$ cat input38.cif   # mmCIF, C-alpha atoms
data_work
loop_
_atom_site.label_atom_id
_atom_site.label_comp_id
_atom_site.auth_asym_id
_atom_site.auth_seq_id
_atom_site.Cartn_x
_atom_site.Cartn_y
_atom_site.Cartn_z
CA MET I 1 0.00 0.00 0.00
CA ARG I 2 2.60 2.54 -1.09
CA ILE I 3 1.14 6.00 -1.50
CA CYS I 4 1.99 9.28 -3.12
CA ILE I 5 3.48 11.05 -0.16
CA GLU I 6 6.69 12.99 -0.38
CA LYS I 7 9.20 10.34 0.58
CA LYS I 8 11.49 12.93 2.05
CA MET I 9 8.77 14.07 4.42
CA LYS I 10 10.29 14.62 7.82
CA LEU I 11 8.32 12.47 10.18
CA VAL I 12 9.58 12.19 13.73
CA ILE I 13 8.45 9.62 16.28
CA ILE I 14 9.20 10.99 19.73
CA ASN I 15 11.50 8.48 21.38
CA TYR I 16 11.33 8.87 25.14
CA GLY I 17 11.71 5.26 26.12
CA ALA I 18 8.02 4.37 26.17
CA GLY I 19 6.20 2.00 23.93
CA ASN I 20 6.53 -0.22 20.96
CA ILE I 21 7.83 2.40 18.59
CA LYS I 22 9.33 -0.14 16.21
CA SER I 23 5.83 -1.16 15.12
CA ILE I 24 4.90 2.43 14.37
CA GLN I 25 8.10 2.95 12.43
CA PHE I 26 7.44 -0.21 10.42
CA ALA I 27 3.84 0.84 9.73
CA PHE I 28 5.08 4.08 8.14
CA LYS I 29 7.75 2.18 6.28
CA ARG I 30 4.99 0.07 4.74
CA LEU I 31 3.51 3.39 3.54
CA GLY I 32 6.86 4.29 2.02
CA VAL I 33 7.89 6.88 4.63
CA ASP I 34 10.99 6.62 6.78
CA ALA I 35 10.22 7.92 10.26
CA ILE I 36 13.03 9.22 12.46
CA LEU I 37 13.13 8.22 16.12
CA SER I 38 14.26 11.19 18.15
CA ASN I 39 14.17 12.91 21.51
CA ASN I 40 16.15 15.86 20.21
CA PRO I 41 14.08 19.09 20.60
CA GLU I 42 15.50 20.72 17.47
CA GLU I 43 14.77 17.67 15.37
CA ILE I 44 11.24 17.42 16.74
CA LEU I 45 10.57 21.14 16.18
CA ALA I 46 11.81 20.86 12.60
CA ALA I 47 9.62 17.86 11.74
CA GLU I 48 6.66 18.23 9.39
CA LYS I 49 4.67 15.67 11.35
CA VAL I 50 5.19 14.30 14.84
CA ILE I 51 4.06 11.01 16.37
CA PHE I 52 3.76 10.89 20.14
CA PRO I 53 3.64 7.18 21.02
CA GLY I 54 3.28 5.47 24.33
CA VAL I 55 2.60 2.09 25.80
CA GLY I 56 3.08 1.43 29.47
CA GLU I 57 2.39 3.26 32.68
CA ALA I 58 1.38 6.93 32.69
CA SER I 59 3.32 8.33 35.65
CA SER I 60 6.63 6.75 34.62
CA ALA I 61 6.08 7.85 31.02
CA MET I 62 5.47 11.40 32.26
CA SER I 63 8.66 11.31 34.37
CA MET I 64 10.60 10.26 31.30
CA LEU I 65 9.14 13.22 29.38
CA LYS I 66 10.09 15.58 32.19
CA GLU I 67 13.65 14.32 32.39
CA THR I 68 14.22 15.41 28.80
CA GLY I 69 12.09 18.56 28.93
CA LEU I 70 9.76 17.10 26.30
CA ASP I 71 6.77 17.82 28.55
CA GLU I 72 7.33 21.52 27.88
CA LEU I 73 8.26 21.14 24.23
CA ILE I 74 5.32 19.03 23.04
CA PRO I 75 2.53 21.55 23.85
CA THR I 76 4.38 24.21 21.82
CA LEU I 77 4.41 22.17 18.62
CA LYS I 78 2.63 23.78 15.66
CA GLN I 79 2.78 20.95 13.11
CA PRO I 80 0.29 18.02 13.14
CA VAL I 81 0.96 15.81 16.16
CA LEU I 82 -0.58 12.36 16.57
CA GLY I 83 -0.69 10.85 20.04
CA ILE I 84 -1.22 7.11 20.05
CA CYS I 85 -2.64 5.13 23.00
CA LEU I 86 -0.84 6.37 26.14
CA GLY I 87 0.46 9.24 23.98
CA MET I 88 -3.14 10.39 23.53
CA GLN I 89 -3.88 9.96 27.23
CA LEU I 90 -0.85 12.04 28.23
CA LEU I 91 -2.17 14.88 26.05
CA CYS I 92 -5.28 15.07 28.27
CA MET I 93 -5.66 17.14 31.47
CA SER I 94 -4.97 14.26 33.84
CA THR I 95 -5.09 10.51 34.20
CA GLU I 96 -6.09 8.35 37.12
CA GLU I 97 -3.16 6.07 36.34
CA GLY I 98 -0.58 6.98 38.97
CA ASN I 99 -2.57 10.22 39.57
CA THR I 100 -0.71 11.88 36.77
CA LYS I 101 -1.13 15.41 35.48
CA GLY I 102 -1.21 15.46 31.69
CA LEU I 103 0.04 17.94 29.12
CA GLY I 104 -3.38 19.61 29.02
CA ILE I 105 -4.02 19.77 25.28
CA PHE I 106 -7.29 17.85 25.34
CA ASP I 107 -9.89 19.18 27.72
CA THR I 108 -10.74 15.87 29.31
CA ARG I 109 -9.74 13.42 32.00
CA VAL I 110 -8.58 9.82 31.71
CA LYS I 111 -10.22 7.29 34.01
CA ARG I 112 -9.95 3.58 34.71
CA PHE I 113 -12.54 1.21 33.26
CA SER I 114 -14.88 -0.10 35.91
CA SER I 115 -14.59 -3.74 36.92
CA ASP I 116 -17.93 -4.47 35.22
CA VAL I 117 -15.83 -5.18 32.14
CA LYS I 118 -12.61 -7.12 31.74
CA VAL I 119 -9.60 -4.85 32.11
CA PRO I 120 -7.57 -4.30 29.98
CA GLN I 121 -9.86 -4.03 27.02
CA MET I 122 -7.89 -6.11 24.58
CA GLY I 123 -8.80 -6.66 20.97
CA TRP I 124 -10.80 -5.23 18.09
CA ASN I 125 -13.66 -2.82 18.69
CA VAL I 126 -15.43 -0.31 16.45
CA ILE I 127 -15.00 3.46 16.20
CA LYS I 128 -18.14 5.52 15.54
CA ASP I 129 -19.36 9.11 14.97
CA LEU I 130 -16.17 9.89 13.10
CA LYS I 131 -15.58 13.63 12.81
CA SER I 132 -12.19 14.50 11.36
CA ASP I 133 -10.13 14.46 8.18
CA LEU I 134 -8.05 11.90 10.02
CA PHE I 135 -10.85 9.46 9.20
CA SER I 136 -11.49 10.31 5.56
CA GLY I 137 -12.23 7.11 3.67
CA ILE I 138 -12.81 5.23 6.92
CA LYS I 139 -16.30 3.80 7.25
CA GLU I 140 -18.44 4.23 10.35
CA SER I 141 -18.00 1.33 12.78
CA GLU I 142 -14.63 0.32 11.36
CA TYR I 143 -12.67 -2.09 13.55
CA MET I 144 -9.53 -0.91 15.32
CA TYR I 145 -7.16 -2.75 17.66
CA LEU I 146 -7.21 -1.48 21.24
CA VAL I 147 -5.29 -2.44 24.37
CA HIS I 148 -5.94 -0.23 27.37
CA SER I 149 -7.16 -0.09 30.95
CA TYR I 150 -7.89 3.66 31.05
CA TYR I 151 -10.16 5.72 28.78
CA ALA I 152 -10.72 9.39 27.98
CA GLU I 153 -14.10 10.86 28.85
CA HIS I 154 -15.98 12.66 26.11
CA CYS I 155 -15.45 16.37 25.56
CA GLU I 156 -16.04 18.83 22.72
CA GLN I 157 -12.83 17.56 21.13
CA THR I 158 -14.10 13.98 20.73
CA ILE I 159 -13.74 12.87 17.09
CA ALA I 160 -14.48 9.14 17.50
CA LYS I 161 -16.47 7.10 20.00
CA THR I 162 -16.20 3.53 21.22
CA ASP I 163 -18.32 1.42 23.58
CA TYR I 164 -16.76 -0.73 26.26
CA GLY I 165 -18.99 -0.81 29.30
CA ILE I 166 -19.38 2.92 28.76
CA ASN I 167 -19.15 5.13 25.68
CA TYR I 168 -15.82 6.96 25.61
CA ALA I 169 -13.60 9.08 23.37
CA SER I 170 -11.47 6.78 21.22
CA ALA I 171 -10.06 9.77 19.34
CA LEU I 172 -9.63 13.48 20.11
CA GLN I 173 -8.56 16.56 18.20
CA HIS I 174 -7.64 20.07 19.24
CA ASP I 175 -6.13 22.34 16.58
CA ASN I 176 -3.00 20.56 15.30
CA PHE I 177 -3.12 17.89 17.99
CA TYR I 178 -4.73 14.53 17.25
CA GLY I 179 -5.00 11.58 19.59
CA VAL I 180 -6.15 8.02 19.02
CA GLN I 181 -6.68 5.44 21.74
CA PHE I 182 -6.42 2.55 19.29
CA HIS I 183 -3.28 1.35 17.54
CA PRO I 184 -3.52 2.29 13.86
CA GLU I 185 -0.13 0.65 13.30
CA LYS I 186 -1.69 -2.69 14.32
CA SER I 187 -5.16 -2.20 12.85
CA SER I 188 -4.74 -3.82 9.46
CA THR I 189 -5.44 -1.83 6.28
CA ALA I 190 -7.95 0.54 7.93
CA GLY I 191 -5.31 1.53 10.48
CA ALA I 192 -2.79 2.11 7.71
CA LYS I 193 -5.34 4.37 5.99
CA ILE I 194 -5.56 6.52 9.13
CA LEU I 195 -1.77 6.88 9.26
CA GLU I 196 -1.83 7.77 5.58
CA ASN I 197 -4.51 10.42 6.28
CA PHE I 198 -2.37 11.86 9.06
CA LEU I 199 0.58 12.21 6.69
CA LYS I 200 -1.66 14.14 4.30
CA LEU I 201 -2.97 16.62 6.90
CA MET C 1 -18.66 -3.94 21.04
CA LEU C 2 -15.37 -5.68 21.68
CA THR C 3 -15.12 -8.65 19.34
CA LYS C 4 -14.02 -12.21 20.04
CA ARG C 5 -10.59 -12.91 18.62
CA ILE C 6 -9.39 -15.77 16.42
CA ILE C 7 -5.69 -16.46 16.91
CA PRO C 8 -3.61 -18.87 14.85
CA CYS C 9 -0.60 -20.18 16.75
CA LEU C 10 2.64 -20.83 14.92
CA ASP C 11 5.25 -23.04 16.54
CA ILE C 12 8.71 -21.82 15.62
CA LYS C 13 11.90 -23.83 15.70
CA ASN C 14 15.13 -22.30 14.43
CA GLY C 15 13.18 -19.67 12.53
CA ARG C 16 10.84 -22.14 10.80
CA THR C 17 7.21 -22.98 11.47
CA VAL C 18 6.39 -26.39 12.84
CA LYS C 19 3.29 -27.77 14.48
CA GLY C 20 3.23 -30.05 17.45
CA VAL C 21 0.36 -32.48 17.74
CA ASN C 22 -0.05 -33.28 21.41
CA PHE C 23 3.22 -31.35 21.84
CA VAL C 24 5.28 -34.20 20.34
CA ASP C 25 4.96 -34.88 16.64
CA LEU C 26 6.39 -32.07 14.53
CA ARG C 27 5.54 -31.18 10.95
CA ASP C 28 6.91 -28.34 8.85
CA ALA C 29 4.23 -25.87 7.83
CA GLY C 30 6.19 -23.14 6.12
CA ASP C 31 7.91 -19.80 6.44
CA PRO C 32 6.68 -17.83 9.50
CA VAL C 33 6.73 -14.37 7.92
CA GLU C 34 4.81 -15.46 4.83
CA LEU C 35 2.38 -17.45 6.91
CA ALA C 36 1.86 -14.48 9.24
CA LYS C 37 1.19 -12.11 6.34
CA GLN C 38 -1.26 -14.55 4.88
CA TYR C 39 -3.08 -14.92 8.17
CA ALA C 40 -3.31 -11.14 8.58
CA GLU C 41 -4.83 -10.88 5.10
CA ILE C 42 -7.47 -13.56 5.63
CA GLY C 43 -8.77 -12.08 8.86
CA ALA C 44 -6.80 -13.49 11.78
CA ASP C 45 -7.16 -11.02 14.67
CA GLU C 46 -3.83 -11.73 16.27
CA LEU C 47 -0.98 -14.20 16.02
CA VAL C 48 0.99 -16.17 18.56
CA PHE C 49 4.50 -17.42 17.86
CA LEU C 50 5.72 -20.11 20.16
CA ASP C 51 9.49 -20.56 20.06
CA ILE C 52 10.40 -24.17 20.68
CA SER C 53 14.06 -23.80 19.72
CA ALA C 54 16.31 -25.65 22.11
CA THR C 55 19.52 -23.70 21.47
CA GLN C 56 20.69 -20.12 21.92
CA GLU C 57 21.30 -19.91 18.16
CA GLY C 58 17.72 -20.98 17.56
CA ARG C 59 16.51 -18.26 19.93
CA ALA C 60 18.59 -15.62 18.20
CA THR C 61 17.10 -16.69 14.87
CA THR C 62 13.66 -16.23 16.37
CA LEU C 63 14.51 -12.68 17.42
CA ASP C 64 15.43 -11.97 13.82
CA MET C 65 12.16 -13.54 12.69
CA VAL C 66 10.21 -11.30 15.13
CA LEU C 67 11.78 -8.25 13.51
CA HIS C 68 10.73 -9.45 10.05
CA VAL C 69 7.19 -10.23 11.20
CA ALA C 70 6.85 -6.77 12.78
CA GLU C 71 8.13 -5.21 9.58
CA GLN C 72 5.59 -6.92 7.35
CA VAL C 73 2.53 -7.75 9.42
CA ASN C 74 -0.13 -5.19 10.39
CA ILE C 75 -1.91 -7.06 13.19
CA PRO C 76 -0.71 -7.66 16.76
CA PHE C 77 1.37 -10.66 17.72
CA THR C 78 2.63 -12.39 20.82
CA VAL C 79 5.88 -14.28 21.24
CA GLY C 80 6.32 -17.04 23.77
CA GLY C 81 8.60 -19.95 24.57
CA GLY C 82 11.63 -20.06 26.82
CA ILE C 83 11.27 -16.49 28.07
CA SER C 84 12.57 -16.07 31.61
CA SER C 85 14.16 -12.64 31.92
CA VAL C 86 13.29 -8.97 31.72
CA GLU C 87 16.15 -8.49 29.25
CA HIS C 88 14.80 -11.12 26.87
CA VAL C 89 11.37 -9.47 26.93
CA ASP C 90 12.98 -6.08 26.33
CA ASP C 91 14.72 -7.52 23.23
CA LEU C 92 11.50 -9.07 21.91
CA LEU C 93 9.47 -5.89 22.40
CA LYS C 94 12.22 -3.79 20.82
CA CYS C 95 12.09 -6.09 17.78
CA GLY C 96 8.39 -5.29 17.49
CA ALA C 97 6.54 -8.01 19.41
CA ASP C 98 3.35 -6.60 20.97
CA LYS C 99 3.10 -9.08 23.81
CA VAL C 100 5.13 -11.86 25.32
CA SER C 101 3.85 -15.05 26.79
CA ILE C 102 5.55 -16.66 29.77
CA ASN C 103 4.79 -20.08 31.17
CA SER C 104 7.19 -22.30 33.18
CA SER C 105 9.42 -19.37 34.11
CA ALA C 106 6.49 -17.68 35.86
CA VAL C 107 5.80 -20.81 37.91
CA LYS C 108 9.48 -21.08 38.86
CA ARG C 109 9.72 -17.41 39.74
CA PRO C 110 6.31 -15.71 40.05
CA GLU C 111 7.93 -12.29 40.67
CA LEU C 112 8.77 -12.27 36.97
CA VAL C 113 5.12 -11.41 36.26
CA ASN C 114 5.35 -8.37 38.57
CA GLU C 115 8.66 -7.28 37.07
CA LEU C 116 7.41 -7.50 33.50
CA SER C 117 4.09 -5.78 34.13
CA SER C 118 5.64 -2.91 36.05
CA LYS C 119 8.38 -2.37 33.47
CA PHE C 120 6.43 -2.91 30.26
CA GLY C 121 2.77 -2.73 31.35
CA SER C 122 0.20 -5.46 31.93
CA GLN C 123 -1.03 -5.19 28.37
CA CYS C 124 2.01 -7.01 27.02
CA VAL C 125 2.22 -9.77 29.63
CA VAL C 126 0.38 -12.96 28.72
CA VAL C 127 0.69 -15.82 31.16
CA ALA C 128 0.30 -19.17 29.41
CA ILE C 129 -0.91 -22.03 31.56
CA ASP C 130 -0.86 -25.68 30.50
CA ALA C 131 -3.04 -27.83 32.73
CA LYS C 132 -4.74 -31.17 32.86
CA GLN C 133 -7.12 -32.90 35.20
CA ILE C 134 -5.66 -35.23 37.78
CA GLU C 135 -8.32 -37.00 39.81
CA GLY C 136 -10.81 -34.33 38.83
CA ASN C 137 -8.57 -31.37 39.72
CA TRP C 138 -6.95 -29.11 37.16
CA LYS C 139 -3.19 -29.16 37.79
CA VAL C 140 -0.64 -26.88 36.15
CA HIS C 141 2.02 -28.64 34.04
CA LEU C 142 5.42 -27.29 33.06
CA ALA C 143 7.89 -27.58 30.18
CA GLY C 144 5.34 -27.90 27.39
CA GLY C 145 3.08 -30.03 29.52
CA THR C 146 5.63 -32.70 30.39
CA ILE C 147 6.16 -31.96 34.09
CA PRO C 148 3.18 -32.12 36.47
CA THR C 149 2.98 -29.81 39.49
CA ASP C 150 0.65 -29.68 42.44
CA ILE C 151 -0.46 -26.16 41.56
CA ASP C 152 -4.17 -25.62 41.05
CA LEU C 153 -5.06 -23.98 37.73
CA PHE C 154 -7.60 -21.52 39.15
CA GLU C 155 -5.48 -20.43 42.09
CA TRP C 156 -2.47 -19.92 39.85
CA ALA C 157 -4.49 -17.94 37.30
CA LYS C 158 -5.84 -15.68 40.07
CA GLU C 159 -2.34 -15.18 41.45
CA VAL C 160 -0.84 -14.12 38.12
CA GLU C 161 -3.74 -11.74 37.56
CA GLU C 162 -2.93 -10.12 40.91
CA ARG C 163 0.74 -9.98 39.96
CA GLY C 164 -0.13 -7.98 36.85
CA ALA C 165 -0.75 -10.41 33.99
CA GLY C 166 -2.82 -8.77 31.26
CA GLU C 167 -4.20 -11.97 29.79
CA ILE C 168 -4.31 -15.74 30.34
CA LEU C 169 -3.65 -18.28 27.61
CA PHE C 170 -5.08 -21.51 28.95
CA THR C 171 -4.22 -24.76 27.16
CA SER C 172 -5.99 -27.89 28.29
CA MET C 173 -3.59 -30.81 27.92
CA ASP C 174 -6.59 -33.10 28.04
CA HIS C 175 -8.04 -31.49 24.93
CA ASP C 176 -4.94 -30.43 22.99
CA GLY C 177 -4.54 -32.38 19.77
CA THR C 178 -7.83 -34.26 20.20
CA LYS C 179 -9.94 -32.01 17.94
CA ASN C 180 -12.85 -32.74 20.26
CA GLY C 181 -13.48 -29.19 21.42
CA PHE C 182 -12.12 -26.78 24.03
CA ALA C 183 -12.19 -27.22 27.83
CA ASN C 184 -15.25 -25.02 28.16
CA GLU C 185 -16.16 -25.77 31.74
CA ALA C 186 -12.71 -24.81 33.04
CA LEU C 187 -12.61 -21.82 30.70
CA ALA C 188 -15.95 -20.50 31.96
CA LYS C 189 -14.76 -20.89 35.54
CA LEU C 190 -11.57 -18.94 34.73
CA SER C 191 -13.60 -16.21 33.07
CA GLU C 192 -15.86 -15.91 36.11
CA LYS C 193 -13.01 -15.85 38.63
CA LEU C 194 -10.77 -13.45 36.75
CA ASN C 195 -11.25 -9.98 35.33
CA ILE C 196 -8.67 -10.19 32.54
CA PRO C 197 -9.17 -11.70 29.06
CA ILE C 198 -8.91 -15.48 28.67
CA ILE C 199 -7.66 -17.18 25.50
CA ALA C 200 -8.94 -20.71 24.94
CA SER C 201 -6.43 -23.18 23.54
CA GLY C 202 -6.39 -26.90 22.85
CA GLY C 203 -9.02 -29.02 21.17
CA ALA C 204 -10.25 -27.04 18.16
CA GLY C 205 -11.58 -29.44 15.53
CA ASN C 206 -14.56 -27.79 13.89
CA VAL C 207 -16.54 -24.55 13.71
CA GLN C 208 -19.00 -25.62 16.42
CA HIS C 209 -16.10 -25.93 18.87
CA PHE C 210 -15.37 -22.23 18.43
CA ILE C 211 -19.03 -21.30 18.85
CA ASP C 212 -19.13 -23.38 22.04
CA THR C 213 -15.97 -21.95 23.54
CA PHE C 214 -17.23 -18.39 23.09
CA LYS C 215 -20.75 -19.15 24.34
CA GLU C 216 -20.27 -21.85 26.97
CA GLY C 217 -16.58 -21.29 27.72
CA LYS C 218 -17.02 -17.48 27.86
CA ALA C 219 -13.60 -17.19 26.21
CA ASP C 220 -12.44 -13.82 24.92
CA ALA C 221 -10.31 -15.36 22.19
CA ALA C 222 -9.67 -18.79 20.74
CA LEU C 223 -6.32 -20.08 19.62
CA ALA C 224 -5.64 -23.00 17.29
CA ALA C 225 -2.90 -24.27 15.04
CA SER C 226 -3.30 -27.27 12.78
CA VAL C 227 -6.95 -26.65 11.83
CA PHE C 228 -5.78 -23.30 10.47
CA HIS C 229 -2.37 -24.34 9.14
CA PHE C 230 -3.77 -27.21 7.11
CA GLY C 231 -6.79 -25.27 5.90
CA GLU C 232 -9.31 -27.47 7.65
CA ILE C 233 -11.13 -24.40 8.99
CA PRO C 234 -10.77 -21.29 6.80
CA ILE C 235 -10.72 -18.27 9.13
CA PHE C 236 -13.07 -16.11 7.07
CA GLU C 237 -15.70 -18.87 6.89
CA LEU C 238 -15.28 -19.49 10.61
CA LYS C 239 -15.89 -15.84 11.42
CA LYS C 240 -18.97 -15.71 9.18
CA GLU C 241 -20.40 -18.69 11.05
CA LEU C 242 -19.61 -17.08 14.40
CA LYS C 243 -21.39 -13.90 13.30
CA LYS C 244 -24.43 -15.98 12.23
CA ASN C 245 -24.46 -17.37 15.75
CA ASN C 246 -24.58 -13.86 17.23
CA ILE C 247 -20.94 -13.86 18.30
CA GLU C 248 -19.31 -10.50 17.65
CA VAL C 249 -16.32 -10.84 15.35
CA ARG C 250 -14.34 -8.54 13.09
CA LEU C 251 -15.35 -9.23 9.48
#
$ encode --input "input38.cif" --output "C-alpha cells"
Amino acid sequence: MRICIEKKMKLVIINYGAGNIKSIQFAFKRLGVDAILSNNPEEILAAEKVIFPGVGEASSAMSMLKETGLDELIPTLKQPVLGICLGMQLLCMSTEEGNTKGLGIFDTRVKRFSSDVKVPQMGWNVIKDLKSDLFSGIKESEYMYLVHSYYAEHCEQTIAKTDYGINYASALQHDNFYGVQFHPEKSSTAGAKILENFLKL
Amino acid sequence: MLTKRIIPCLDIKNGRTVKGVNFVDLRDAGDPVELAKQYAEIGADELVFLDISATQEGRATTLDMVLHVAEQVNIPFTVGGGISSVEHVDDLLKCGADKVSINSSAVKRPELVNELSSKFGSQCVVVAIDAKQIEGNWKVHLAGGTIPTDIDLFEWAKEVEERGAGEILFTSMDHDGTKNGFANEALAKLSEKLNIPIIASGGAGNVQHFIDTFKEGKADAALAASVFHFGEIPIFELKKELKKNNIEVRL
C-alpha cells in the first residue's frame, strides 16, 4: 500500500523510552515513509509531522518526558501531532493512572474502566461518529485494535467514540493535535489508511 | 462492542514454522513471515509465535524472525517460549513483538510477572498455563506439559492476575490435539473468577467448537494451530459462522 506522499517528508516519532515504537516505524515504512526516532528538541521542532507514542504506565512515562524537557516542548508544537494510546492519554488534562497530570491539550480526563468489564480491554472494537479528516475514507464502525485499561471521557474535542462498558472518546482533536486510543499501526489496512490520512494533513 | 478474537498459533523452531500435535509430533508448515502475512490478510485477529528452539542460536534466529514479522505484518502478535528474563522481553518488544507469553518461568519465579508488568505494562504480559485434570482437579504442568505440578489452575491464574498479567492463555492438555473441542467448563470458571481476558487453547476441531468456547466457555479469544495451518477451517468462513451465531467478530 505505497502512497503518493513525499518520501522525504520529515516524520519524527518521539523516542522517550516508552512504547513499541518499532511497530509504528514499520507501519510508516509500509507506507513508504521513513520515520526518524528522536528525543532531540530541534529535530522534533523541525519535523513536518510528529508522532507521540506510548505504551506502558502513565506516571513513569510522564517522568521520562520531564527528564528530557519534552513535557514543555510538546505543547508548543505547531505541526500536526498524533498521540497514540498512552500518547493520547498524556495529552489530556490528567489521568487516574498513577494520579498523573497530563500535558493539558485535550480538555478531558482519563479514568480507569470499571470492573464491570474485563480490564484491559484487549482486541478489536469499532469506532463511531467519526468527525475529522483523520478518518477520511474510513467507514463508520470500522474495527480498530485497542489495548488499554484507562479511557478518555468525552469532551467537545471527541472525534471518534467507542463502547466498552461505557461510551468513551477513542479519538480526540484540538487544533493541530490529534489523539487516538487505538493502535492504527496494528489495525490492518484501515489503520494504515488513518496513518496515511495523518501524513496528508 | 469488543469482538471475540481468532488467533492462529505458529510453533517456531530455528526460525521455521512447525506444528506439534499433542506437543510431540512435529511437521513443517512453512515460512513464518509469509504465513503471518497470509493470516493477517485472511482475517486473523492476532498471532501467537511459540518458540520451541532448544539452542541459543535458535533463539537468536527467532529474534530476527520477530523483527521481520513486525516489519511486514499489520496485526498484533505475541511471542512465547523459553522467556525467563526482563532483558529477553525487552529484546522481543524492541524487535516489534506486541506481547510476550511466559509459562514455566512464571511458575518457577512468580515475581517475573510483577517485574514484566511494572516495566512494560500489563497489556504485554500474557501468562500461558498448560493444565490437565488429575483426579478431577486441574493441575498446572510445566515444560510444554511434560512436568506435572501440584499447583491448582484456578489459584495460579488468580495469582498471576494479581501480579499484573494482562491476559491468560489456557491450554488444556486433556483437549490439545484431540480435535474434540475446548475445555469449556474450566474456561468458563476462569472467566468468572478473573477480570482479565482469557484465551482458549487446545481441542479445536470444527466450527462448532469455536461457537461453544465463546458461548459456553465465555472465552475472549480462541487459539488454534493445525486446523488453520492445514486449511481445515478457513478463518473467514469461521468468522462468518460465528457472526451468524450472534458472536461479535471482526469481518
$ closest_residue --input "input38.cif" --among "C:Leu142, C:Ile147, C:Val113, C:Val126" --to "chain I" --atoms "only C-alpha atoms"
C:Val126
$ atom_distance --input "input38.cif" --atom1 "atom CA of I:Leu195" --atom2 "atom CA of C:Ala36"
21.7 Å
$ interface_residues --input "input38.cif" --of "chain C" --to "chain I" --cutoff "7 Å" --atoms "only C-alpha atoms" --output "PDB file with C-alpha atoms, in the frame of the given file"
ATOM      1  CA  MET C   1     -18.660  -3.940  21.040  1.00  0.00           C
ATOM      2  CA  LEU C   2     -15.370  -5.680  21.680  1.00  0.00           C
ATOM      3  CA  THR C   3     -15.120  -8.650  19.340  1.00  0.00           C
ATOM      4  CA  ARG C   5     -10.590 -12.910  18.620  1.00  0.00           C
ATOM      5  CA  ALA C  70       6.850  -6.770  12.780  1.00  0.00           C
ATOM      6  CA  GLU C  71       8.130  -5.210   9.580  1.00  0.00           C
ATOM      7  CA  ASN C  74      -0.130  -5.190  10.390  1.00  0.00           C
ATOM      8  CA  ILE C  75      -1.910  -7.060  13.190  1.00  0.00           C
ATOM      9  CA  PRO C  76      -0.710  -7.660  16.760  1.00  0.00           C
ATOM     10  CA  LEU C  93       9.470  -5.890  22.400  1.00  0.00           C
ATOM     11  CA  LYS C  94      12.220  -3.790  20.820  1.00  0.00           C
ATOM     12  CA  CYS C  95      12.090  -6.090  17.780  1.00  0.00           C
ATOM     13  CA  GLY C  96       8.390  -5.290  17.490  1.00  0.00           C
ATOM     14  CA  PHE C 120       6.430  -2.910  30.260  1.00  0.00           C
ATOM     15  CA  GLY C 121       2.770  -2.730  31.350  1.00  0.00           C
ATOM     16  CA  GLN C 123      -1.030  -5.190  28.370  1.00  0.00           C
ATOM     17  CA  GLY C 166      -2.820  -8.770  31.260  1.00  0.00           C
ATOM     18  CA  ASN C 195     -11.250  -9.980  35.330  1.00  0.00           C
ATOM     19  CA  ILE C 196      -8.670 -10.190  32.540  1.00  0.00           C
ATOM     20  CA  PRO C 197      -9.170 -11.700  29.060  1.00  0.00           C
ATOM     21  CA  ARG C 250     -14.340  -8.540  13.090  1.00  0.00           C
TER      22      ARG C 250
END
$ resolve_selection --input "input38.cif" --expression "the PyMOL selection byres ((chain C and resi 219-233) around 6)" --output "ChimeraX atom specification"
/C:4-9,197-201,213-214,217-218,234
$ atom_distance --input "input38.cif" --atom1 "atom CA of I:Tyr150" --atom2 "atom CA of I:Gln89"
8.4 Å
$ atom_distance --input "input38.cif" --atom1 "atom CA of C:Ser85" --atom2 "atom CA of C:Ala165"
15.2 Å
$ resolve_selection --input "input38.cif" --expression "the PyMOL selection byres ((chain I and resi 76) around 12)" --output "list of chain:residue names"
I:Pro41, I:Ile44, I:Leu45, I:Gly69, I:Leu70, I:Asp71, I:Glu72, I:Leu73, I:Ile74, I:Pro75, I:Leu77, I:Lys78, I:Gln79, I:Pro80, I:Val81, I:Leu103, I:Gly104, I:Ile105, I:Asp175, I:Asn176, I:Phe177
$ write_last_selection --input "input38.cif" --atoms "C-alpha atoms" --output "short mmCIF file (atom, residue, chain, number, x, y, z; two decimals), keeping the file's coordinate frame"
data_model
loop_
_atom_site.label_atom_id
_atom_site.label_comp_id
_atom_site.auth_asym_id
_atom_site.auth_seq_id
_atom_site.Cartn_x
_atom_site.Cartn_y
_atom_site.Cartn_z
CA PRO I 41 14.08 19.09 20.60
CA ILE I 44 11.24 17.42 16.74
CA LEU I 45 10.57 21.14 16.18
CA GLY I 69 12.09 18.56 28.93
CA LEU I 70 9.76 17.10 26.30
CA ASP I 71 6.77 17.82 28.55
CA GLU I 72 7.33 21.52 27.88
CA LEU I 73 8.26 21.14 24.23
CA ILE I 74 5.32 19.03 23.04
CA PRO I 75 2.53 21.55 23.85
CA LEU I 77 4.41 22.17 18.62
CA LYS I 78 2.63 23.78 15.66
CA GLN I 79 2.78 20.95 13.11
CA PRO I 80 0.29 18.02 13.14
CA VAL I 81 0.96 15.81 16.16
CA LEU I 103 0.04 17.94 29.12
CA GLY I 104 -3.38 19.61 29.02
CA ILE I 105 -4.02 19.77 25.28
CA ASP I 175 -6.13 22.34 16.58
CA ASN I 176 -3.00 20.56 15.30
CA PHE I 177 -3.12 17.89 17.99
#
$ resolve_selection --input "input38.cif" --expression "the PyMOL selection byres ((chain C and resi 149-151) around 12)" --output "VMD selection string"
chain C and resid 104 107 to 108 129 to 135 137 to 143 145 to 148 152 to 159
$ closest_residue --input "input38.cif" --among "I:Ser59, I:Asn15, I:Ser136, I:Thr68" --to "I:Asn99" --atoms "all atoms listed in the file"
I:Ser59
$ residues_around --input "input38.cif" --residues "I:Tyr16" --least-positions-apart "3" --cutoff "9 Å" --atoms "only C-alpha atoms" --output "JSON, numbers by chain"
{"I": [19, 38, 39, 53, 54, 61, 64, 65, 68, 70]}
$ residues_near_point --input "input38.cif" --point "(-18.4, 13.2, 13.6)" --cutoff "9 Å" --atoms "all atoms listed in the file" --output "PDB file with C-alpha atoms, in the coordinates of the input"
ATOM      1  CA  LYS I 128     -18.140   5.520  15.540  1.00  0.00           C
ATOM      2  CA  ASP I 129     -19.360   9.110  14.970  1.00  0.00           C
ATOM      3  CA  LEU I 130     -16.170   9.890  13.100  1.00  0.00           C
ATOM      4  CA  LYS I 131     -15.580  13.630  12.810  1.00  0.00           C
ATOM      5  CA  SER I 132     -12.190  14.500  11.360  1.00  0.00           C
ATOM      6  CA  THR I 158     -14.100  13.980  20.730  1.00  0.00           C
ATOM      7  CA  ILE I 159     -13.740  12.870  17.090  1.00  0.00           C
ATOM      8  CA  ALA I 160     -14.480   9.140  17.500  1.00  0.00           C
TER       9      ALA I 160
END
